[in-house]
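Scroll down for the structure; my scribbles are underneath it.
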Amino acid sequence: MDKHEEFTRWAELQGVKLYGIAAHQFPGRGLGIVAKERQEAGKIILTVPTSALRTTLTVPKAISVSLGKITAHGLLAADLSLDTDKARSRWRDVLPSQEDFQKSMPIQWPPILQDFLPQAALALLSDQIKKFELDWATVSGAFPALSRDHYLYNWLIVNTRTFYHVPPGTKKKKDPKDCMALNPFADYFNHSSEGCTVEFGPEGFEITSNKVYEKGEEIYISYGKHSNDFLLAEYGFVMDENDFDHILLDSVIIPKMDAVQLQLVRDAGYLGNYVLDKESVCYRTEVALRALCMPARRWERFVDSGVDGQHDQAMADELLIKVLKLYVAKAQNVIGQLLSLEVKDRSQVETLVRRWNQILLFLHGAIERSVL
Ligand SMILES: C[S@@+](CC[C@H](N)C(=O)[O-])C[C@H]1O[C@@H](n2cnc3c(N)ncnc32)[C@H](O)[C@@H]1O
């Protein structure tokens, strides 16, 4: 029996029930869940009882009291870091390794590679580092013998494997990020834009198939409507097929603004977050582009009424093509630099090049649509 089968038997002893599914290795995705037989749509395929979950309420008092005020994420990571319980070693044995995270999670990459992350991923990474450092300050103060690497490893386990959950009899926390549970076995599910339904109640979690799955097919859940920049920073992967992917144009639009335009746009609440998805740019982008090519008065009228003339629309369209082309040049330059880097681990560079090529596809698609 391999370690995943042993873990599965152990999970079943904890009350986890599997209906025609199993853990399976998928190239490029680590472990995932496979249909052992044809699964009809709307069928329960997994239940996990509340007693098998690890939540802030299951953390031993010796840990939670020593830590005092800390995020749910930080507390669960401390619990995992200090956990030596033999009974739970079956689960620990099947988790990704430190090396897996060093390859996949940008927070573990050398700074020279982090600098090549697209702007949206870099912003998420910077928030993540701040959150980790705050948690680590609290945990290292209370448990000085704990190593930073070991804590970071467990912090990333929590980051990549928790489910939204409110323990029975407790109130929903204001911040959804504080409503989390580690969910052994259910955490084998990989992500897709669409996936099985995940529900929880006082009894525990229930996962129901969203469609027919043929025998041997991978079964997914959805971690949310996330872009690839988000998935890269938070989960360490990007997908080729992502219904919710989009890119940000901030890095090519904002530097074009002079001080007056910048102030005007900021005061009106339109600074940044200029999204290009597979179909179009967002309204914020339209507003920002017009700020760059319209007199201030006329721009303010457009912001107030949403109405502009044909001439303004044409100018904004022309400018959009210019910034898209500028971004193409930038992306090509980044890819060139990445390919010439000499680094120990090529897999991180490959992930970055893959993401920048996806960005290029977005840009070329938008340019083609704009000139038609
Ligand atoms: C909840 S775990 C899923 C189980 C995990 N694959 C394993 O081997 O234990 C989440 C992690 O799985 C991987 N993952 C999930 N969905 C993926 C996908 N569509 N493509 C590639 N990797 C994926 C990422 O490494 C992510 O951080």
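Every chain in the structure tokens takes a letter, A first, then B, and so on in the order presented; its residues are numbered from 1, and the ligands are numbered from 1 following the presented order.
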Could you list, as a PDB file with C-alpha atoms, in the first residue's frame, all residues that come within 10 Å of ligand 1? Count only C-alpha atoms and all ligand atoms.
```pdb
ATOM      1  CA  ALA A  23      -6.540  10.055  -4.838  1.00  0.00           C
ATOM      2  CA  HIS A  24      -4.464   9.940  -8.001  1.00  0.00           C
ATOM      3  CA  GLN A  25      -1.234  11.480  -9.302  1.00  0.00           C
ATOM      4  CA  PHE A  26      -1.759  13.887 -12.230  1.00  0.00           C
ATOM      5  CA  PRO A  27       1.277  15.194 -14.130  1.00  0.00           C
ATOM      6  CA  GLY A  28       1.919  18.858 -13.326  1.00  0.00           C
ATOM      7  CA  ARG A  29      -0.808  19.015 -10.685  1.00  0.00           C
ATOM      8  CA  GLY A  30       0.506  16.740  -7.924  1.00  0.00           C
ATOM      9  CA  LEU A  31      -2.223  14.634  -6.380  1.00  0.00           C
ATOM     10  CA  GLY A  32      -5.843  15.084  -7.351  1.00  0.00           C
ATOM     11  CA  ILE A  33      -9.129  13.191  -7.275  1.00  0.00           C
ATOM     12  CA  VAL A  94       0.865  13.017   1.922  1.00  0.00           C
ATOM     13  CA  LEU A  95       1.236  16.802   2.006  1.00  0.00           C
ATOM     14  CA  PRO A  96       3.466  18.558  -0.549  1.00  0.00           C
ATOM     15  CA  SER A  97       7.119  18.820   0.477  1.00  0.00           C
ATOM     16  CA  ASP A 100       7.450  21.355  -3.899  1.00  0.00           C
ATOM     17  CA  PHE A 101       6.713  24.782  -2.403  1.00  0.00           C
ATOM     18  CA  LYS A 103       9.493  25.302  -6.874  1.00  0.00           C
ATOM     19  CA  SER A 104       5.908  26.470  -7.099  1.00  0.00           C
ATOM     20  CA  MET A 105       5.189  29.243  -4.569  1.00  0.00           C
ATOM     21  CA  LEU A 156       1.814  27.665   3.008  1.00  0.00           C
ATOM     22  CA  ILE A 157       0.050  24.363   3.703  1.00  0.00           C
ATOM     23  CA  VAL A 158      -2.744  26.408   5.304  1.00  0.00           C
ATOM     24  CA  ASN A 159      -2.615  28.961   2.446  1.00  0.00           C
ATOM     25  CA  THR A 160      -3.112  26.337  -0.251  1.00  0.00           C
ATOM     26  CA  ARG A 161      -5.375  23.755   1.432  1.00  0.00           C
ATOM     27  CA  THR A 162      -8.045  25.385   3.614  1.00  0.00           C
ATOM     28  CA  PHE A 163     -11.771  25.526   2.929  1.00  0.00           C
ATOM     29  CA  LEU A 182      -8.176  22.187   7.111  1.00  0.00           C
ATOM     30  CA  ASN A 183     -10.098  19.410   5.472  1.00  0.00           C
ATOM     31  CA  PRO A 184      -8.058  16.190   5.196  1.00  0.00           C
ATOM     32  CA  PHE A 185      -8.839  14.240   2.026  1.00  0.00           C
ATOM     33  CA  ALA A 186     -11.084  16.951   0.505  1.00  0.00           C
ATOM     34  CA  ASP A 187      -7.838  18.919   0.150  1.00  0.00           C
ATOM     35  CA  TYR A 188      -6.763  16.508  -2.595  1.00  0.00           C
ATOM     36  CA  PHE A 189      -9.139  18.232  -5.045  1.00  0.00           C
ATOM     37  CA  ASN A 190      -7.428  20.354  -7.675  1.00  0.00           C
ATOM     38  CA  HIS A 191      -8.953  23.535  -9.067  1.00  0.00           C
ATOM     39  CA  SER A 192     -10.832  24.229 -12.278  1.00  0.00           C
ATOM     40  CA  SER A 193     -12.989  27.229 -13.312  1.00  0.00           C
ATOM     41  CA  TYR A 220     -12.284  19.198  -9.681  1.00  0.00           C
ATOM     42  CA  ILE A 221     -13.678  21.765  -7.334  1.00  0.00           C
ATOM     43  CA  SER A 222     -13.369  25.526  -7.913  1.00  0.00           C
ATOM     44  CA  TYR A 223     -11.268  27.585  -5.501  1.00  0.00           C
ATOM     45  CA  LEU A 231      -3.578  31.439  -8.651  1.00  0.00           C
ATOM     46  CA  LEU A 232       0.164  31.859  -9.126  1.00  0.00           C
ATOM     47  CA  ALA A 233       0.720  34.013  -6.036  1.00  0.00           C
ATOM     48  CA  GLU A 234      -1.683  32.148  -3.747  1.00  0.00           C
ATOM     49  CA  TYR A 235      -1.503  28.559  -5.008  1.00  0.00           C
ATOM     50  CA  GLY A 236       1.664  28.313  -7.107  1.00  0.00           C
ATOM     51  CA  PHE A 237       0.202  27.415 -10.520  1.00  0.00           C
ATOM     52  CA  VAL A 238      -1.278  28.904 -13.687  1.00  0.00           C
ATOM     53  CA  MET A 239      -3.823  27.271 -15.987  1.00  0.00           C
ATOM     54  CA  ASP A 240      -4.073  27.267 -19.782  1.00  0.00           C
ATOM     55  CA  GLU A 241      -7.875  27.229 -19.666  1.00  0.00           C
ATOM     56  CA  ASN A 242      -9.110  29.749 -17.110  1.00  0.00           C
TER      57      ASN A 242
END
```
With only C-alpha atoms as the counted atoms, please give the residues lying no more than 9 Å from segment 321-330 of chain A, apart from itself and same-chain residues fewer than 4 positions off, as number ranges by chain.
A: 249, 251-253, 316-317, 334-335, 359-360, 363-364, 366-367, 370-371
Generate a file of the selected residues that holds C-alpha atoms, formatted as a CSV table (one decimal), in the first residue's frame.
```
chain,number,residue,atom,x,y,z
A,249,LEU,CA,-2.9,47.4,-17.7
A,251,SER,CA,1.8,49.5,-15.5
A,252,VAL,CA,1.4,50.9,-19.0
A,253,ILE,CA,-1.4,53.4,-18.3
A,316,ALA,CA,-9.6,56.7,-26.5
A,317,ASP,CA,-9.5,53.6,-28.9
A,334,VAL,CA,10.5,40.4,-20.0
A,335,ILE,CA,10.4,37.0,-21.8
A,359,ILE,CA,-0.3,38.1,-21.2
A,360,LEU,CA,0.9,38.4,-24.8
A,363,LEU,CA,-2.7,41.8,-25.7
A,364,HIS,CA,-2.7,40.4,-29.2
A,366,ALA,CA,-7.3,42.9,-27.7
A,367,ILE,CA,-5.2,44.6,-30.5
A,370,SER,CA,-9.5,47.0,-31.7
A,371,VAL,CA,-8.3,47.3,-35.3
```
With distances taken over only C-alpha atoms, the candidate from A:Phe7, A:Glu206, A:Phe230, A:Asp277 nearest Asp127 of chain A is A:Phe230
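Counting only C-alpha atoms, Pro202 of chain A has the following residues at most 12 Å away, ignoring those fewer than 5 positions along the same chain: Val48, Pro49, Thr50, Ser51, Leu53, His165, Val166, Pro167, Pro168, Gly169 and Thr170 of chain A.
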Same residues, N, CA and C atoms, saved as a compact mmCIF listing (two decimals), in the first residue's frame:
```
# COMPACT_ATOMS: atom_id res chain seq x y z
N VAL A 48 -17.10 14.61 4.62
CA VAL A 48 -16.07 14.69 5.67
C VAL A 48 -16.77 15.19 6.94
N PRO A 49 -16.77 14.39 8.01
CA PRO A 49 -17.47 14.85 9.21
C PRO A 49 -16.73 16.00 9.90
N THR A 50 -17.47 16.82 10.61
CA THR A 50 -16.88 17.97 11.31
C THR A 50 -15.74 17.51 12.23
N SER A 51 -15.89 16.31 12.81
CA SER A 51 -14.85 15.83 13.75
C SER A 51 -13.51 15.59 13.06
N LEU A 53 -12.25 17.66 10.80
CA LEU A 53 -11.67 18.94 10.35
C LEU A 53 -10.70 19.48 11.40
N HIS A 165 -15.15 27.81 6.09
CA HIS A 165 -15.93 27.02 7.06
C HIS A 165 -16.23 27.83 8.31
N VAL A 166 -17.45 27.68 8.80
CA VAL A 166 -17.82 28.31 10.08
C VAL A 166 -18.20 27.16 11.02
N PRO A 167 -17.43 26.95 12.10
CA PRO A 167 -17.75 25.81 12.98
C PRO A 167 -19.16 25.90 13.53
N PRO A 168 -19.84 24.74 13.69
CA PRO A 168 -21.22 24.76 14.20
C PRO A 168 -21.28 25.47 15.54
N GLY A 169 -22.33 26.28 15.72
CA GLY A 169 -22.53 26.97 17.00
C GLY A 169 -21.71 28.24 17.15
N THR A 170 -20.92 28.60 16.12
CA THR A 170 -20.15 29.85 16.21
C THR A 170 -20.67 30.84 15.17
```
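Ranking A:Lys278, A:His246, A:Arg54, A:Lys171 by their shortest atom-to-atom distance to His73 of chain A, with only C-alpha atoms included, puts A:Arg54 first.
Counting from atom CA of Cys293 of chain A, the distance to atom CA of Leu276 of chain A is 19.5 Å.
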Q. Residues at most 12 Å from Asp304 of chain A, counting only C-alpha atoms, excluding those fewer than 6 positions away in the same chain, as a VMD selection string?
A. chain A and resid 268 287 297 to 298
Quick one: write out the picked residues with C-alpha atoms as a compact mmCIF listing (two decimals), in the first residue's frame?
```txt
# COMPACT_ATOMS: atom_id res chain seq x y z
CA ALA A 268 -12.45 60.71 -8.86
CA VAL A 287 -12.16 56.44 -17.92
CA ARG A 297 -13.56 69.72 -18.05
CA ARG A 298 -14.82 67.42 -20.77
```
I'd like the contact shell of segment 12-20 of chain A - 12 Å cut-off, only C-alpha atoms, skipping same-chain residues fewer than 2 positions apart - returned as a count of residues only.
48
Give me the residues within 12 Å of Ala77 of chain A as a VMD selection string, counting only C-alpha atoms and dropping any in the same chain fewer than 4 places off.
chain A and resid 54 to 56 59 63 to 64 67 70 to 73 81 to 83 132 135 to 136 138 to 139 146 148 to 162 180 to 182
**OP:** Step one, run DSSP on the backbone; step two, keep only residues of segment 37-263 of chain A assigned to strand (DSSP E); then write them as a PyMOL selection string.
**Re:** chain A and resi 44-49+162-164+180-182+190-201+204-208+218-221+247-248
In Å and to one decimal, atom CA of Gly224 of chain A is distant from atom CA of Arg355 of chain A by 19.1 Å
